[in-house]
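Reproduced below: structure.cif, with mmCIF, C-alpha atoms.
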data_coords
loop_
_atom_site.label_atom_id
_atom_site.label_comp_id
_atom_site.auth_asym_id
_atom_site.auth_seq_id
_atom_site.Cartn_x
_atom_site.Cartn_y
_atom_site.Cartn_z
CA MET A 1 -28.82 0.30 -78.94
CA SER A 2 -30.33 -2.88 -77.47
CA SER A 3 -31.10 -5.90 -79.62
CA TYR A 4 -33.96 -8.27 -78.94
CA ASN A 5 -34.16 -12.00 -79.54
CA PHE A 6 -37.61 -13.52 -79.81
CA LEU A 7 -38.71 -17.12 -79.98
CA VAL A 8 -42.05 -17.74 -81.70
CA VAL A 9 -43.50 -21.20 -81.06
CA ASP A 10 -46.58 -22.06 -83.14
CA ASP A 11 -47.43 -25.02 -85.36
CA SER A 12 -49.14 -22.74 -87.89
CA PRO A 13 -46.71 -21.25 -90.46
CA THR A 14 -49.29 -18.52 -91.10
CA MET A 15 -49.25 -17.46 -87.45
CA ARG A 16 -45.48 -17.69 -87.22
CA GLN A 17 -45.10 -15.48 -90.28
CA LEU A 18 -47.66 -12.98 -89.00
CA ILE A 19 -46.03 -12.74 -85.56
CA THR A 20 -42.53 -12.55 -87.06
CA PHE A 21 -43.74 -9.84 -89.42
CA ALA A 22 -45.00 -7.85 -86.43
CA LEU A 23 -41.89 -8.38 -84.26
CA LYS A 24 -39.56 -7.31 -87.08
CA ARG A 25 -41.04 -3.84 -86.71
CA ILE A 26 -39.04 -3.53 -83.47
CA HIS A 27 -35.56 -2.20 -84.21
CA ASN A 28 -32.72 -4.69 -83.90
CA SER A 29 -35.00 -7.65 -83.44
CA GLN A 30 -34.12 -11.24 -84.29
CA VAL A 31 -36.88 -13.81 -84.51
CA THR A 32 -36.42 -17.57 -84.26
CA GLU A 33 -39.34 -19.80 -85.16
CA ALA A 34 -40.21 -23.20 -83.74
CA ASN A 35 -43.16 -25.35 -84.82
CA ASP A 36 -43.80 -27.19 -81.54
CA GLY A 37 -42.55 -27.59 -77.98
CA VAL A 38 -39.83 -30.08 -78.85
CA ASP A 39 -38.49 -27.90 -81.64
CA ALA A 40 -38.60 -24.93 -79.23
CA LEU A 41 -36.48 -26.77 -76.64
CA LYS A 42 -33.88 -27.48 -79.34
CA LYS A 43 -33.80 -23.82 -80.37
CA LEU A 44 -33.63 -22.70 -76.73
CA SER A 45 -30.50 -24.64 -75.95
CA GLY A 46 -27.47 -22.41 -76.30
CA ASN A 47 -29.52 -19.35 -77.22
CA LYS A 48 -30.66 -16.47 -75.09
CA PHE A 49 -34.10 -15.04 -75.79
CA ASN A 50 -35.57 -11.82 -74.45
CA LEU A 51 -39.15 -12.99 -74.88
CA ILE A 52 -41.04 -16.12 -75.94
CA LEU A 53 -44.38 -16.16 -77.74
CA LEU A 54 -46.10 -19.47 -77.31
CA ASP A 55 -49.14 -21.20 -78.81
CA ILE A 56 -51.00 -23.76 -76.69
CA ASN A 57 -52.39 -26.32 -79.14
CA MET A 58 -49.41 -27.91 -80.85
CA PRO A 59 -48.38 -31.47 -81.78
CA LEU A 60 -45.61 -33.39 -79.97
CA MET A 61 -45.41 -31.00 -77.01
CA ASP A 62 -48.10 -28.42 -76.35
CA GLY A 63 -47.51 -24.90 -75.12
CA LEU A 64 -48.55 -25.50 -71.50
CA LYS A 65 -46.15 -28.44 -71.16
CA LEU A 66 -43.32 -26.33 -72.58
CA LEU A 67 -44.31 -23.46 -70.29
CA SER A 68 -44.07 -25.63 -67.17
CA ILE A 69 -40.68 -27.01 -68.32
CA LEU A 70 -39.33 -23.49 -68.88
CA ARG A 71 -40.59 -22.18 -65.56
CA GLY A 72 -38.94 -25.12 -63.81
CA ASN A 73 -35.59 -24.28 -65.36
CA PRO A 74 -33.67 -21.46 -63.63
CA SER A 75 -32.13 -20.40 -66.97
CA TYR A 76 -35.52 -19.45 -68.40
CA ASN A 77 -37.35 -18.60 -65.21
CA ASP A 78 -37.31 -14.86 -65.76
CA VAL A 79 -37.85 -14.80 -69.57
CA PRO A 80 -41.27 -13.24 -70.27
CA ILE A 81 -43.64 -15.68 -71.97
CA ILE A 82 -46.72 -14.53 -73.88
CA ILE A 83 -49.33 -17.16 -74.67
CA ILE A 84 -51.10 -16.70 -78.01
CA THR A 85 -54.03 -19.06 -78.39
CA THR A 86 -57.52 -19.69 -79.71
CA GLU A 87 -58.62 -20.79 -76.21
CA GLY A 88 -60.56 -17.81 -74.92
CA ALA A 89 -62.10 -19.33 -71.76
CA ASP A 90 -61.15 -17.83 -68.38
CA VAL A 91 -60.21 -21.26 -67.07
CA ASP A 92 -57.56 -21.65 -69.81
CA ARG A 93 -56.24 -18.16 -69.13
CA GLU A 94 -55.98 -18.81 -65.39
CA LYS A 95 -54.28 -22.16 -66.00
CA ALA A 96 -51.62 -20.57 -68.22
CA LEU A 97 -51.03 -17.65 -65.86
CA LYS A 98 -50.78 -20.04 -62.91
CA LEU A 99 -48.13 -22.04 -64.78
CA GLY A 100 -46.08 -18.86 -65.13
CA ALA A 101 -47.17 -17.15 -68.36
CA ASN A 102 -46.75 -13.38 -68.21
CA ALA A 103 -49.55 -12.52 -70.62
CA TYR A 104 -52.38 -14.27 -72.41
CA VAL A 105 -53.44 -13.07 -75.87
CA THR A 106 -56.29 -14.71 -77.76
CA LYS A 107 -56.51 -15.29 -81.51
CA PRO A 108 -57.31 -13.74 -83.89
CA ILE A 109 -54.53 -11.37 -82.87
CA GLN A 110 -54.22 -7.69 -83.60
CA THR A 111 -50.52 -7.30 -84.38
CA ASN A 112 -50.38 -3.74 -83.05
CA GLU A 113 -51.93 -4.90 -79.77
CA LEU A 114 -49.44 -7.77 -79.59
CA LEU A 115 -46.57 -5.35 -80.23
CA ARG A 116 -47.83 -3.09 -77.44
CA VAL A 117 -47.73 -6.03 -74.98
CA VAL A 118 -44.25 -7.11 -76.17
CA LYS A 119 -42.86 -3.57 -75.87
CA GLU A 120 -44.38 -3.23 -72.41
CA PHE A 121 -42.52 -6.33 -71.19
CA LEU A 122 -39.24 -5.27 -72.76
CA LYS A 123 -39.72 -1.65 -71.72
CA ILE A 124 -39.24 -0.50 -75.28
CA ASN A 125 -40.36 3.08 -75.88
CA GLU A 126 -40.20 3.63 -79.63
CA MET B 1 -7.18 115.65 -16.90
CA SER B 2 -6.41 118.61 -19.14
CA SER B 3 -8.77 119.71 -21.83
CA GLU B 4 -6.19 118.70 -24.38
CA GLU B 5 -6.12 115.16 -23.12
CA LYS B 6 -9.85 115.18 -22.96
CA ASP B 7 -10.03 116.19 -26.64
CA ILE B 8 -7.62 113.47 -27.59
CA LYS B 9 -9.68 110.87 -25.76
CA GLU B 10 -12.84 112.14 -27.35
CA ALA B 11 -11.21 112.02 -30.76
CA GLU B 12 -10.10 108.44 -30.14
CA LEU B 13 -13.54 107.52 -28.95
CA PHE B 14 -15.07 109.16 -31.96
CA LYS B 15 -12.71 107.26 -34.24
CA LYS B 16 -13.62 104.02 -32.55
CA VAL B 17 -17.31 104.77 -33.01
CA GLU B 18 -16.61 105.62 -36.64
CA ASP B 19 -14.78 102.31 -37.11
CA PHE B 20 -17.52 100.45 -35.40
CA LEU B 21 -20.13 102.13 -37.56
CA GLN B 22 -18.18 101.25 -40.64
CA VAL B 23 -17.86 97.61 -39.54
CA PHE B 24 -21.57 97.69 -38.74
CA LYS B 25 -22.37 99.12 -42.19
CA LYS B 26 -20.26 96.48 -43.86
CA GLY B 27 -22.07 93.88 -41.79
CA GLU B 28 -25.39 95.38 -42.86
CA GLU B 29 -24.33 95.32 -46.51
CA PHE B 30 -23.14 91.75 -46.18
CA THR B 31 -26.39 90.74 -44.52
CA HIS B 32 -28.32 92.40 -47.36
CA GLU B 33 -26.27 90.59 -49.89
CA LEU B 34 -26.79 87.32 -48.04
CA LEU B 35 -30.51 87.94 -47.91
CA LYS B 36 -30.52 88.72 -51.61
CA GLU B 37 -28.53 85.59 -52.39
CA ASN B 38 -30.84 83.62 -50.18
CA GLU B 39 -33.84 85.05 -52.02
CA ARG B 40 -32.27 84.18 -55.38
CA LEU B 41 -31.42 80.64 -54.28
CA ARG B 42 -34.90 80.06 -52.90
CA PHE B 43 -36.35 81.24 -56.15
CA LYS B 44 -33.99 78.99 -58.02
CA ILE B 45 -34.93 76.02 -55.79
CA ILE B 46 -38.61 76.63 -56.40
CA LYS B 47 -37.97 76.84 -60.13
CA LEU B 48 -35.88 73.69 -60.10
CA GLU B 49 -38.46 71.87 -58.05
CA GLU B 50 -41.10 72.90 -60.55
CA ASP B 51 -38.88 71.76 -63.41
CA ILE B 52 -38.28 68.41 -61.73
CA ARG B 53 -42.01 67.99 -61.16
CA ASN B 54 -42.73 68.72 -64.82
CA ASN B 55 -39.98 66.45 -66.06
CA LYS B 56 -41.09 63.65 -63.79
CA LYS B 57 -44.61 63.92 -65.11
CA GLN B 58 -43.30 63.75 -68.63
CA VAL B 59 -41.07 60.78 -67.84
CA ASP B 60 -43.95 59.02 -66.04
CA ASN B 61 -46.30 59.53 -68.95
CA SER B 62 -43.86 58.25 -71.56
CA GLN B 63 -42.94 55.25 -69.42
CA VAL B 64 -46.57 54.36 -68.87
CA LYS B 65 -47.16 54.64 -72.59
CA LEU B 66 -44.16 52.43 -73.29
CA LEU B 67 -45.29 49.86 -70.75
CA LYS B 68 -48.81 49.94 -72.09
CA ASP B 69 -47.51 49.35 -75.59
CA THR B 70 -45.37 46.49 -74.36
CA ILE B 71 -48.33 44.94 -72.54
CA ALA B 72 -50.50 45.27 -75.65
CA HIS B 73 -47.75 43.68 -77.72
CA LEU B 74 -47.31 40.89 -75.21
CA GLU B 75 -51.06 40.38 -75.05
CA GLU B 76 -51.13 40.09 -78.83
CA GLU B 77 -48.23 37.67 -78.74
CA LYS B 78 -49.94 35.66 -76.00
CA ASN B 79 -53.12 35.40 -78.06
CA TYR B 80 -51.11 34.35 -81.09
CA ILE B 81 -49.29 31.70 -79.06
CA VAL B 82 -52.54 30.47 -77.48
CA ASN B 83 -54.14 30.20 -80.92
CA LYS B 84 -51.05 28.50 -82.32
CA PHE B 85 -51.04 26.11 -79.36
CA LYS B 86 -54.70 25.27 -79.98
CA GLU B 87 -53.93 24.73 -83.65
CA VAL B 88 -50.97 22.47 -82.82
CA GLU B 89 -53.04 20.63 -80.22
CA SER B 90 -55.79 19.93 -82.72
CA GLU B 91 -53.20 18.93 -85.33
CA ASN B 92 -51.62 16.66 -82.76
CA LYS B 93 -54.97 15.01 -82.07
CA ASP B 94 -55.48 14.63 -85.78
CA PHE B 95 -52.03 13.06 -86.17
CA ALA B 96 -52.69 10.71 -83.25
CA ALA B 97 -55.97 9.61 -84.83
CA ARG B 98 -54.28 9.17 -88.19
CA TYR B 99 -51.44 7.23 -86.53
CA VAL B 100 -54.01 4.82 -85.04
CA GLU B 101 -55.65 4.51 -88.47
CA VAL B 102 -52.30 3.85 -90.15
CA GLU B 103 -51.41 1.30 -87.48
CA GLU B 104 -54.73 -0.45 -88.04
CA GLU B 105 -54.23 -0.34 -91.79
CA ASN B 106 -50.72 -1.71 -91.34
CA ASN B 107 -52.12 -4.49 -89.19
CA ASN B 108 -54.75 -5.31 -91.81
CA LEU B 109 -52.25 -5.27 -94.64
CA ALA B 110 -49.92 -7.56 -92.68
CA ASN B 111 -52.77 -10.04 -92.23
CA LEU B 112 -53.68 -9.88 -95.91
CA TYR B 113 -50.06 -10.14 -97.01
CA VAL B 114 -49.37 -13.17 -94.81
CA ALA B 115 -52.59 -14.90 -95.85
CA SER B 116 -51.92 -14.29 -99.54
CA TYR B 117 -48.24 -15.28 -99.24
CA GLN B 118 -49.11 -18.54 -97.48
CA LEU B 119 -51.89 -19.42 -99.93
CA HIS B 120 -49.55 -19.19 -102.89
CA SER B 121 -46.56 -20.80 -101.17
CA THR B 122 -47.42 -24.34 -102.29
CA LEU B 123 -48.93 -26.33 -105.15
CA ASP B 124 -49.94 -29.26 -102.97
CA ILE B 125 -53.76 -29.32 -102.67
CA TYR B 126 -53.65 -30.69 -99.09
CA GLU B 127 -51.20 -27.99 -98.06
CA VAL B 128 -53.42 -25.33 -99.65
CA LEU B 129 -56.49 -26.62 -97.80
CA LYS B 130 -54.50 -26.70 -94.55
CA ILE B 131 -53.42 -23.10 -95.08
CA VAL B 132 -57.00 -21.97 -95.79
CA VAL B 133 -58.06 -23.65 -92.52
CA GLU B 134 -55.20 -21.95 -90.64
CA ILE B 135 -56.15 -18.56 -92.02
CA ILE B 136 -59.78 -18.98 -91.04
CA ILE B 137 -58.89 -20.10 -87.50
CA ASN B 138 -56.01 -17.74 -86.80
CA LEU B 139 -56.80 -14.61 -88.75
CA ILE B 140 -60.60 -14.63 -88.80
CA GLY B 141 -61.28 -16.47 -85.54
CA ALA B 142 -63.79 -19.08 -86.68
CA GLU B 143 -64.44 -22.05 -84.41
CA LYS B 144 -66.53 -24.29 -86.68
CA PHE B 145 -66.31 -24.09 -90.43
CA SER B 146 -65.93 -26.12 -93.58
CA LEU B 147 -64.48 -25.66 -97.01
CA MET B 148 -66.86 -27.16 -99.54
CA LEU B 149 -65.65 -27.77 -103.09
CA LEU B 150 -67.80 -28.28 -106.14
CA ASP B 151 -67.90 -31.79 -107.55
CA GLU B 152 -68.79 -30.94 -111.14
CA ASP B 153 -69.74 -34.53 -111.99
CA VAL B 154 -72.70 -34.51 -109.61
CA ASN B 155 -73.06 -30.70 -109.32
CA GLU B 156 -72.80 -30.89 -105.51
CA LEU B 157 -70.69 -29.18 -102.89
CA VAL B 158 -68.61 -31.67 -100.92
CA ALA B 159 -66.71 -30.87 -97.69
CA ALA B 160 -62.98 -30.95 -98.51
CA ALA B 161 -61.76 -29.61 -95.15
CA SER B 162 -63.35 -28.69 -91.85
CA GLU B 163 -62.60 -27.56 -88.31
CA GLY B 164 -64.70 -28.00 -85.17
CA VAL B 165 -67.02 -30.39 -87.00
CA ASP B 166 -66.24 -33.70 -88.64
CA LYS B 167 -66.30 -33.75 -92.45
CA SER B 168 -68.53 -36.82 -92.37
CA GLU B 169 -71.19 -34.85 -90.47
CA ILE B 170 -71.43 -32.26 -93.23
CA PRO B 171 -73.93 -33.31 -95.87
CA ASN B 172 -73.29 -32.72 -99.57
CA ILE B 173 -75.22 -29.73 -100.85
CA LYS B 174 -76.88 -29.38 -104.25
CA ILE B 175 -76.33 -26.13 -106.13
CA GLY B 176 -79.24 -23.76 -105.53
CA ILE B 177 -80.51 -25.62 -102.44
CA GLY B 178 -80.39 -23.93 -99.02
CA VAL B 179 -78.21 -21.00 -97.95
CA VAL B 180 -74.93 -22.61 -99.04
CA GLY B 181 -76.33 -23.94 -102.33
CA ASN B 182 -77.74 -20.53 -103.18
CA VAL B 183 -74.40 -18.83 -102.49
CA ALA B 184 -72.75 -21.30 -104.89
CA LYS B 185 -75.43 -20.56 -107.49
CA SER B 186 -75.48 -16.75 -107.15
CA GLY B 187 -71.79 -16.22 -106.46
CA GLU B 188 -72.77 -13.65 -103.78
CA SER B 189 -71.42 -13.80 -100.20
CA TYR B 190 -73.86 -14.37 -97.35
CA PHE B 191 -73.51 -12.87 -93.85
CA GLU B 192 -76.01 -13.62 -91.06
CA LYS B 193 -76.87 -10.30 -89.43
CA ASP B 194 -78.08 -11.64 -86.10
CA PHE B 195 -75.17 -13.47 -84.44
CA GLU B 196 -77.19 -14.18 -81.30
CA LYS B 197 -80.01 -15.93 -83.16
CA LYS B 198 -80.65 -19.56 -82.24
CA ARG B 199 -80.10 -21.64 -85.35
CA ASP B 200 -79.22 -25.03 -86.74
CA GLU B 201 -75.54 -24.30 -87.39
CA LEU B 202 -75.08 -26.73 -90.30
CA LYS B 203 -78.18 -25.55 -92.16
CA GLU B 204 -78.03 -21.86 -91.21
CA PRO B 205 -74.38 -20.84 -91.20
CA LEU B 206 -73.07 -17.43 -90.14
CA VAL B 207 -71.08 -16.78 -93.27
CA CYS B 208 -70.85 -18.28 -96.75
CA ILE B 209 -68.14 -17.06 -99.10
CA PRO B 210 -68.11 -18.32 -102.68
CA LEU B 211 -64.64 -19.28 -103.92
CA LYS B 212 -64.57 -17.86 -107.42
CA ILE B 213 -62.23 -17.73 -110.38
CA LYS B 214 -63.67 -14.80 -112.30
CA GLU B 215 -67.38 -15.73 -112.30
CA HIS B 216 -66.87 -19.46 -111.97
CA VAL B 217 -67.65 -20.75 -108.45
CA ILE B 218 -65.42 -23.69 -107.47
CA GLY B 219 -66.53 -23.97 -103.85
CA VAL B 220 -67.93 -22.26 -100.77
CA LEU B 221 -66.31 -21.41 -97.47
CA VAL B 222 -68.94 -21.95 -94.77
CA VAL B 223 -68.50 -20.56 -91.23
CA TYR B 224 -70.88 -22.08 -88.65
CA SER B 225 -69.62 -20.37 -85.46
CA LEU B 226 -66.89 -18.09 -84.17
CA LEU B 227 -64.45 -18.45 -81.29
CA MET B 228 -65.99 -17.34 -77.97
CA GLN B 229 -63.78 -14.21 -77.81
CA LYS B 230 -64.75 -13.16 -81.34
CA LYS B 231 -67.89 -11.07 -81.00
CA GLY B 232 -68.31 -9.91 -84.59
CA PHE B 233 -66.53 -9.11 -87.82
CA THR B 234 -64.18 -6.20 -88.36
CA ARG B 235 -63.26 -4.46 -91.60
CA VAL B 236 -60.19 -6.67 -92.04
CA ASP B 237 -62.35 -9.80 -91.71
CA TYR B 238 -64.44 -8.72 -94.70
CA GLU B 239 -61.22 -7.95 -96.60
CA LEU B 240 -59.85 -11.38 -95.65
CA PHE B 241 -63.08 -13.03 -96.80
CA SER B 242 -62.90 -11.12 -100.05
CA MET B 243 -59.23 -12.05 -100.48
CA LEU B 244 -59.99 -15.69 -99.70
CA ALA B 245 -62.84 -15.72 -102.26
CA GLY B 246 -60.33 -15.02 -105.02
CA HIS B 247 -56.93 -16.21 -103.79
CA ALA B 248 -58.04 -19.45 -102.12
CA ALA B 249 -59.98 -20.35 -105.27
CA THR B 250 -56.94 -19.68 -107.47
CA ALA B 251 -54.61 -21.57 -105.13
CA ILE B 252 -56.96 -24.58 -104.96
CA PHE B 253 -57.53 -24.54 -108.72
CA SER B 254 -53.79 -24.22 -109.49
CA SER B 255 -52.84 -27.01 -107.11
CA ARG B 256 -55.50 -29.28 -108.65
CA LEU B 257 -54.23 -28.50 -112.14
CA TYR B 258 -50.66 -29.11 -110.99
CA ALA B 259 -51.61 -32.47 -109.49
CA GLN B 260 -53.41 -33.41 -112.72
CA SER B 261 -50.46 -32.35 -114.87
CA GLU B 262 -48.08 -34.28 -112.61
CA ARG B 263 -50.24 -37.38 -113.01
CA LYS B 264 -50.43 -36.91 -116.79
CA LEU B 265 -46.68 -36.30 -117.00
CA SER B 266 -46.01 -39.45 -115.04
CA THR B 267 -48.35 -41.43 -117.32
CA ILE B 268 -46.75 -40.01 -120.49
CA GLN B 269 -43.26 -40.72 -119.14
CA GLY B 270 -44.35 -44.29 -118.42
CA PHE B 271 -45.59 -44.69 -121.99
CA ILE B 272 -42.40 -43.21 -123.45
CA GLU B 273 -40.26 -45.55 -121.35
CA LEU B 274 -42.44 -48.48 -122.33
CA LEU B 275 -42.15 -47.61 -126.04
CA SER B 276 -38.41 -46.91 -125.92
CA GLY B 277 -37.71 -49.98 -123.81
CA LYS B 278 -35.86 -48.02 -121.11
CA PRO B 279 -36.51 -49.14 -117.52
CA LYS B 280 -38.38 -46.74 -115.22
CA PRO B 281 -35.91 -45.13 -112.79
CA LYS B 282 -36.58 -46.13 -109.18
#
Starting from the file, lay out its structure as C-alpha cells.
Amino acid sequence: MSSYNFLVVDDSPTMRQLITFALKRIHNSQVTEANDGVDALKKLSGNKFNLILLDINMPLMDGLKLLSILRGNPSYNDVPIIIITTEGADVDREKALKLGANAYVTKPIQTNELLRVVKEFLKINE
Amino acid sequence: MSSEEKDIKEAELFKKVEDFLQVFKKGEEFTHELLKENERLRFKIIKLEEDIRNNKKQVDNSQVKLLKDTIAHLEEEKNYIVNKFKEVESENKDFAARYVEVEEENNNLANLYVASYQLHSTLDIYEVLKIVVEIIINLIGAEKFSLMLLDEDVNELVAAASEGVDKSEIPNIKIGIGVVGNVAKSGESYFEKDFEKKRDELKEPLVCIPLKIKEHVIGVLVVYSLLMQKKGFTRVDYELFSMLAGHAATAIFSSRLYAQSERKLSTIQGFIELLSGKPKPK
C-alpha cells in the first residue's frame, strides 16, 4: 500500500490543524507542517513530499515566492502544489497558476472538497 | 414309335406337368402367404404410425406445458430481480445522499473541533484574540471584522482586535446604542438578511455575535463584510458563530483571569520576598 507525505505551509495554526486533520483521513498519510516559506524550505531539504499545500499570505516568505523557488528547482518541479488562500480574485488565481501551482482553493475551505482535489492529484481511489 | 413308348412318354410328360403344377401351387401358396404377411405388416405400420403420432402429440403437449411453466417461473424471477434491483438502486441513492450528509457533517465537526481546540490551547489573551481572528478569517471567510470587548468601567464596547479595518477607525460603542450596542444589551445575535444592500459597514454590520458567559455579555464579534468568494452563510457558519459566542467568551475571560492572577501572584511574591528579606530571583 502506498504512503503519502504532505507538506502543509500556512502561518495560521488553526488552518494547519484543519488541513492536517483532513489529510490524516487518507490512509498511510504523513503530514509535516511549516509556518512560512522559510520554514517550508528547511522542511523540504532531505525530505520527499507527494504534495504541498501552500498559503499565500505568510510572513518572512510568502507562498508565491516559495512557489517560484520550488518550480525553479528540478527536485520539486513535478510535486503537485495546491494553493489555499483567502485571495479569491481571478488575477490572483491566474498569477499562482502561471507560477506553476496545480490547483487554487479559496478559504474558507471545505475539507471534503480539499480532499477530493488532493486525491485527484495523487490518483487515490478510496 | 411304338404305342408302348408313346405311353411312356405321355406318362413322363404327365408327371412333369404334375410336378410343375405342384411347384406352381406351392408358388401360389407362398405368394398368398407373402400377401398375407404384407397385409399384416402394412396394418402394423399404420398402427405404429398412429401410435407414434399420438405419442408425439402427448410429448409435444407436456413439453410445451413444461416450457410454459419454466417461462412463467423465469418471468416471475425476472420481476422479482427487477423489483429487487429497483429497491437496491433506491437504497444506493439513499446511501449516497447519506454519505454526502455524513461527509458534510464530518467537515463541520472538524471545523468546530479545530476552532474549539485552538481557542482553548492558550491562556495568553493576545494569543486567544489572534486565534479568534484566524477562525473568523479562515473558517468563516470574513474580510472585515472586529472583536469588541466590554469595558465595564465606562460600559462601552472597545475594539480589541480587527481585520481589514484599523482598530483606531472603529469607534467605541455604548451599550444599547446602534446595532452593535443593542446586541450587547439584548444578548441576541444579529444577522443582516440582505447581503447586497448598500450600507455604512461600520454602523450597519452584516453580523453581530454577542460573546457570552451564561447570560453575561463580555463583548461582541462584529462582521462588516465577507471575502469576495463567500456569498452567504452555511449551516456550519451559524454553528461556528454559536460556538464562538460561548467558547471565545470563555477563552477570553479565562485568559484575562489568568493574566490578573499572574500579576497578583507576582505582586504577592514581591511582598513576601520584601518581608522575608530574600532577594528577588532574576
inquiry  = List the spatial neighbours of A:Leu44 as an MDAnalysis selection string - criterion: any atom at most 12 Å away, only C-alpha atoms, same-chain residues fewer than 6 positions off excluded.
reply    = chainID A and resid 5:9 32:34 37:38 50:52 66 69:70 73 75:76 79
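For the pair atom CA of A:Asp55 and atom CA of A:Leu18, the interatomic distance is 13.2 Å.
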query = For chain A against chain B, which residues fall within 12 Å using all atoms listed in the file, given as a count of residues only?
reply = 36
message = Once the PyMOL selection byres ((chain B and resi 173) around 9) is applied to the coordinates I shared, what remains selected? I want it as a list in words.
response =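 What the PyMOL selection byres ((chain B and resi 173) around 9) grabs from the file is Met148, Asn155, Glu156, Leu157, Val158, Ile170, Pro171, Asn172, Lys174, Ile175, Gly176, Ile177, Gly178, Val180 and Gly181 of chain B.
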message = For a test of reading the model, state the distance in Å between atom CA of B:Ala249 and atom CA of B:Val217, rounded to one decimal.
response = 8.3 Å
task = Expand the PyMOL selection byres ((chain B and resi 190) around 8) into the individual residues it matches in the shown file, reporting them as a PyMOL selection string.
result = chain B and resi 179+183+188-189+191-192+206-209
request  = Specify as a list of chain:residue names each residue included when the PyMOL selection byres ((chain A and resi 104) around 6) is applied to this file.
outcome  = A:Ile82, A:Ile83, A:Ala103, A:Val105
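Counting from atom CA of B:Leu129, the distance to atom CA of B:His247 is 12.0 Å.
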ask   = Neighbours of stretch 95-102 of chain A within 6 Å (all atoms listed in the file; same-chain residues fewer than 6 positions away dropped), as a list in words?
value = Ser68, Pro80, Ile81 and Ile82 of chain A
message = Applying 8 Å and all atoms listed in the file, which residues near B:Ala245 remain after dropping the ones on its own chain fewer than 5 positions away? List them as a list in words.
response = Ile209, Pro210, Leu211 and Lys212 of chain B
Using only the atoms of stretch 23-28 of chain A listed in the file, plus 3 Å on each side, state the axis-aligned box centre and edge lengths in Å rounded to one decimal, as JSON.
{"center_x": -37.3, "center_y": -5.3, "center_z": -85.3, "size_x": 15.2, "size_y": 12.2, "size_z": 9.6}
key: For A:Asp39, the nearest of the candidates A:Asn57, A:Ile26, A:Asp62, A:Arg93, counting all atoms listed in the file   = A:Asp62
key: Option closest in space to B:Pro205, from B:Val23, B:Ile272, B:Leu67, B:Leu226 [counting all atoms listed in the file]   = B:Leu226
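Closest approach to A:Lys123 from the set A:Ile56, A:Arg71, A:Tyr4, A:Glu94 is made by A:Tyr4, with distances taken over all atoms listed in the file.
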